[in-house]
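Engineer: One file: final.txt (compact mmCIF, C-alpha atoms).
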# COMPACT_ATOMS: atom_id res chain seq x y z
CA MET W 12 8.69 -2.15 15.13
CA ILE W 13 9.24 -4.67 17.92
CA ALA W 14 5.56 -4.50 18.88
CA GLY W 15 4.61 -5.22 15.27
CA GLY W 16 6.89 -8.28 15.23
CA ILE W 17 5.45 -9.61 18.47
CA ALA W 18 1.91 -9.03 17.21
CA SER W 19 2.73 -10.86 13.97
CA VAL W 20 4.11 -13.87 15.85
CA CYS W 21 1.04 -13.95 18.13
CA LEU W 22 -1.33 -13.76 15.17
CA ALA W 23 0.52 -16.55 13.39
CA GLY W 24 0.26 -18.70 16.54
CA LEU W 25 -3.46 -17.97 16.81
CA LEU W 26 -3.96 -18.88 13.17
CA ILE W 27 -2.24 -22.23 13.73
CA ILE W 28 -4.40 -22.95 16.80
CA MET W 29 -7.55 -22.01 14.88
CA LEU W 30 -6.62 -24.28 11.97
CA ARG W 31 -6.04 -27.16 14.39
CA ALA W 32 -9.41 -26.48 15.99
CA VAL W 33 -11.14 -26.54 12.61
CA ARG W 34 -9.36 -29.79 11.74
CA ALA W 35 -10.40 -31.35 15.04
CA LEU W 36 -13.98 -30.18 14.46
CA TRP W 37 -13.92 -31.82 11.03
CA GLU W 38 -12.65 -35.09 12.53
CA ASP W 39 -15.28 -34.95 15.29
CA GLN W 40 -18.09 -34.97 12.72
CA HIS W 41 -17.29 -38.59 11.85
CA ARG W 42 -17.54 -39.85 15.43
CA GLU W 43 -20.62 -41.06 17.14
CA GLN W 44 -23.47 -38.56 17.35
CA ALA W 45 -23.68 -38.36 21.16
CA ARG W 46 -20.10 -37.21 21.61
CA ALA W 47 -20.15 -35.06 18.47
CA SER W 48 -22.67 -32.55 19.81
CA PHE W 49 -20.59 -31.99 22.98
CA SER W 50 -17.33 -31.78 21.01
CA LYS W 51 -18.77 -29.39 18.40
CA GLY W 52 -19.96 -27.01 21.09
CA ARG W 53 -16.59 -27.08 22.80
CA TRP W 54 -14.66 -26.41 19.58
CA LEU W 55 -17.03 -23.69 18.42
CA ALA W 56 -16.63 -21.92 21.75
CA MET W 57 -12.85 -22.22 21.47
CA ILE W 58 -12.85 -20.83 17.91
CA ALA W 59 -15.08 -17.91 18.94
CA LEU W 60 -12.82 -17.13 21.90
CA LEU W 61 -9.72 -17.26 19.73
CA ALA W 62 -11.34 -15.00 17.11
CA VAL W 63 -12.21 -12.41 19.77
CA PHE W 64 -8.68 -12.59 21.19
CA ALA W 65 -7.11 -12.26 17.71
CA GLY W 66 -9.34 -9.27 16.91
CA ALA W 67 -8.41 -7.54 20.17
CA LEU W 68 -4.71 -8.25 19.67
CA SER W 69 -4.70 -6.93 16.11
CA TYR W 70 -6.66 -3.81 17.16
CA PHE W 71 -4.18 -2.95 19.92
CA ALA W 72 -1.20 -3.82 17.72
CA LEU W 73 -2.43 -1.45 15.01
CA ARG W 74 -3.02 1.27 17.59
CA ALA W 75 0.52 0.81 18.92
CA ILE W 76 2.00 0.97 15.42
CA ASN W 77 0.01 4.09 14.52
CA ALA W 78 0.74 5.79 17.85
CA SER W 79 4.51 5.47 17.65
CA PRO W 80 6.10 8.29 15.66
CA SER W 81 7.94 7.41 12.51
CA SER W 82 11.72 7.61 12.69
CA GLU W 83 11.81 8.68 9.06
CA HIS W 84 12.33 12.38 8.60
CA PRO W 85 11.83 14.23 5.35
CA PRO W 86 14.92 14.43 3.18
CA LEU W 87 17.40 17.23 3.74
CA LEU W 88 17.26 19.66 0.81
CA VAL W 89 20.63 21.22 0.01
CA ASP W 90 21.54 23.80 -2.61
CA ALA W 91 25.16 23.50 -3.78
CA GLN W 92 26.54 26.25 -5.96
CA CYS W 93 29.99 26.51 -7.53
CA SER W 94 31.30 29.98 -8.15
CA GLY W 95 34.93 30.60 -9.10
CA GLY W 96 35.84 26.97 -8.40
CA VAL W 97 34.53 27.10 -4.81
CA TRP W 98 31.51 25.04 -3.79
CA SER W 99 29.18 26.51 -1.16
CA PHE W 100 26.31 24.65 0.51
CA THR W 101 23.03 25.97 1.89
CA ALA W 102 20.32 23.84 3.48
CA ARG W 103 16.90 24.98 2.25
CA GLY W 104 14.66 26.33 4.99
CA ARG W 105 17.53 27.40 7.25
CA THR W 106 18.72 30.92 7.90
CA GLN W 107 22.41 30.04 8.08
CA ALA W 108 24.77 31.54 5.54
CA ALA W 109 26.26 29.31 2.85
CA GLN W 110 29.03 27.09 4.20
CA ARG W 111 32.21 25.88 2.59
CA ASP W 112 31.93 22.33 3.97
CA LEU W 113 28.83 20.15 3.98
CA ARG W 114 27.60 18.70 7.32
CA LEU W 115 25.06 15.85 7.23
CA ARG W 116 23.44 13.34 9.58
CA GLY W 117 24.08 9.70 8.77
CA GLY W 118 21.13 7.67 7.54
CA ARG W 119 19.06 10.67 6.43
CA GLU W 120 18.11 11.04 2.77
CA VAL W 121 19.72 14.05 1.07
CA TYR W 122 18.44 15.79 -2.07
CA MET W 123 21.17 18.07 -3.36
CA ARG W 124 20.66 20.53 -6.19
CA LEU W 125 23.99 21.25 -7.90
CA GLN W 126 24.43 24.42 -9.92
CA ALA W 127 27.52 25.39 -11.89
CA GLY W 128 28.60 29.01 -12.19
CA ASP W 129 29.74 30.67 -15.39
CA LYS W 130 32.46 28.05 -16.02
CA PRO W 131 32.36 24.24 -16.28
CA THR W 132 33.02 22.40 -13.04
CA GLU W 133 32.76 19.03 -11.33
CA PHE W 134 31.41 17.57 -8.11
CA PHE W 135 33.30 14.44 -7.05
CA VAL W 136 33.28 12.87 -3.57
CA PRO W 137 34.51 9.29 -4.11
CA GLY W 138 33.87 8.12 -0.53
CA LEU W 139 30.14 8.73 -0.99
CA GLY W 140 30.02 7.61 -4.62
CA LEU W 141 29.05 11.09 -5.88
CA LYS W 142 30.40 12.15 -9.27
CA ARG W 143 29.09 14.69 -11.74
CA ARG W 144 30.63 16.95 -14.39
CA LEU W 145 28.67 20.14 -14.98
CA ALA W 146 28.79 22.49 -17.95
CA ALA W 147 28.63 26.25 -17.36
CA GLY W 148 25.24 27.18 -15.86
CA GLU W 149 24.05 23.55 -15.73
CA LYS W 150 21.84 22.29 -12.89
CA PHE W 151 21.64 18.72 -11.64
CA GLU W 152 19.98 16.98 -8.70
CA LEU W 153 21.73 14.26 -6.66
CA ARG W 154 19.95 11.95 -4.24
CA PHE W 155 21.85 9.87 -1.72
CA ARG W 156 21.76 8.55 1.84
CA PRO W 157 25.11 8.67 3.67
CA THR W 158 25.75 5.80 6.05
CA SER W 159 25.99 6.63 9.72
CA PRO W 160 29.20 6.19 11.72
CA VAL W 161 29.10 3.30 14.19
CA ASN W 162 29.57 5.30 17.40
CA SER W 163 27.43 8.32 18.26
CA ASP W 164 30.47 10.44 19.14
CA GLU W 165 32.22 9.87 15.80
CA ALA W 166 31.99 11.58 12.43
CA ALA W 167 33.01 10.37 9.00
CA LEU W 168 35.02 12.75 6.81
CA TYR W 169 34.87 12.56 3.02
CA ARG W 170 37.12 14.75 0.88
CA SER W 171 36.28 15.98 -2.57
CA VAL W 172 38.72 15.16 -5.35
CA CYS W 173 39.58 17.04 -8.50
CA LEU W 174 39.51 15.04 -11.75
CA HIS W 175 39.38 17.39 -14.73
CA HIS W 176 39.34 21.03 -13.60
CA CYS W 177 42.41 21.05 -11.35
CA ARG W 178 44.59 23.89 -12.65
CA GLY W 179 44.25 27.49 -13.63
CA GLU W 180 41.26 29.77 -13.17
CA ASP W 181 38.75 26.91 -13.44
CA ALA W 182 40.36 24.84 -10.68
CA VAL W 183 37.85 23.32 -8.26
CA ARG W 184 38.86 23.87 -4.63
CA PRO W 185 38.54 20.82 -2.38
CA PHE W 186 35.87 20.67 0.32
CA LEU W 187 34.83 18.28 3.10
CA VAL W 188 31.63 16.35 3.66
CA VAL W 189 31.20 15.61 7.37
CA VAL W 190 28.70 12.84 8.23
CA GLU W 191 27.74 12.76 11.89
CA ALA W 192 25.98 9.94 13.71
CA PRO W 193 22.43 10.69 14.88
CA ARG W 194 22.25 11.33 18.63
CA GLY W 195 19.43 10.79 21.14
CA ILE W 196 16.12 12.47 20.51
CA LEU W 197 17.65 14.57 17.73
CA ALA W 198 18.62 11.46 15.77
CA TYR W 199 18.32 12.05 12.05
Can you dump the structure from the file as C-alpha cells?

Structural biologist:
Amino acid sequence: MIAGGIASVCLAGLLIIMLRAVRALWEDQHREQARASFSKGRWLAMIALLAVFAGALSYFALRAINASPSSEHPPLLVDAQCSGGVWSFTARGRTQAAQRDLRLRGGREVYMRLQAGDKPTEFFVPGLGLKRRLAAGEKFELRFRPTSPVNSDEAALYRSVCLHHCRGEDAVRPFLVVVEAPRGILAY
C-alpha cells in the first residue's frame, strides 16, 4: 500500500514535468528558427527519457503491488443454532465441536447463519449492533465486521441480552462474543 502511494506521487510528479516540457516546447516554436531546432531536440529527448522512466516506474510499481499478498482473508462462516434457549456456534470448515461462546478476530468479515430450534427465539448483542427475532425453525443470515481492540494483547467482550424470551421454557440463555485483536503473521 505504501509502495502504491509512493508510485502514485512519483507518477504525478513525472506528469507535471512532462506537461511543463510540452509547454516549453510549444513556447519554443515561436522563437527564432536557429535556436528552435536545438531546443526542440533537447525537449524531445527529455520527454522521451521521462516517458521511459515513467513506464519503468509504473511496471515495477504494479509488480510490487501484485507480488504483495492481500491482507484480506475470506469471511469467517459461522453456523449459530439455538436449541432449548441455548445458542451454540460452529465455524464452518473446522473440526471443533460447537461452542457456547463465539470467538472472533477483529476486523475480519463474519457471515453468520442463524437457525432457530422448535421454539421462537432471539439473537441480540447490542455492543455489536446485532439484533434479530426468529420464529420457530426460521433461518437468517447476518453479516458484520467486528472492530479490533486497540492493543494486540486485549480482547473485547460483548454480552448477549434478552429482550422478549426471558422467562420460562423459552428463555434465551446469555452468551459472550469475544473479539480478539489480530496478532503477527496470524493477523485476521

Engineer: Check the smallest atom-to-atom distance from each of W:Gly118, W:Ala102, W:Leu174, W:Thr158 to Phe134 (chain W) using all atoms listed in the file, then report the winner.

Structural biologist: W:Leu174

Engineer: Go through W:Arg31, W:Arg74, W:His84, W:Arg170 one by one, measure the shortest atom-to-atom distance of each to Val188 (chain W) using only C-alpha atoms, and give the residue with the smallest value.

Structural biologist: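 Looking at the shortest contact to Val188 (chain W), the residue is W:Arg170.
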
Engineer: Kindly give the distance, in Å, that separates CA of Pro85 (chain W) and CA of Glu149 (chain W), rounded to a single decimal.

Structural biologist: 26.1 Å

Engineer: Please compute the CA of Leu22 (chain W)-CA of Gly66 (chain W) distance, one decimal, in Å.

Structural biologist: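 Atom-to-atom, CA of Leu22 (chain W) to CA of Gly66 (chain W), that is 9.3 Å.
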
Engineer: Applying 9 Å and all atoms listed in the file, which residues near Glu152 (chain W) remain after dropping the ones on its own chain fewer than 2 positions away? List them as a list in words.

Structural biologist: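 Non-adjacent residues within range: Tyr122, Met123, Arg124, Leu125, Gln126, Lys150 and Arg154 of chain W.
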
Engineer: Between CA of Thr132 (chain W) and CA of Glu191 (chain W), what is the distance, to one decimal in Å?

Structural biologist: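 For CA of Thr132 (chain W) relative to CA of Glu191 (chain W), the distance reads 27.2 Å.
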
Engineer: Select, from W:Ser159, W:Trp98, W:Pro86, W:Leu30, the residue with the minimum atom-to-atom distance to Ile58 (chain W), counting all atoms listed in the file.

Structural biologist: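 Checking each candidate against Ile58 (chain W), we get W:Leu30 as the closest.
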
Engineer: Could you check which of W:Gly24, W:Pro137, W:Pro160, W:Gly96 is closest to Cys177 (chain W), using all atoms listed in the file?

Structural biologist: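 With all atoms listed in the file as the atom set, the closest residue is W:Gly96.
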
Engineer: Could you tell me which of W:Gly128, W:Gly148, W:Gly117, W:Gly138 comes closest to Val97 (chain W) if we count only C-alpha atoms?

Structural biologist: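 Answer, going by the shortest atom-to-atom distance: W:Gly128.
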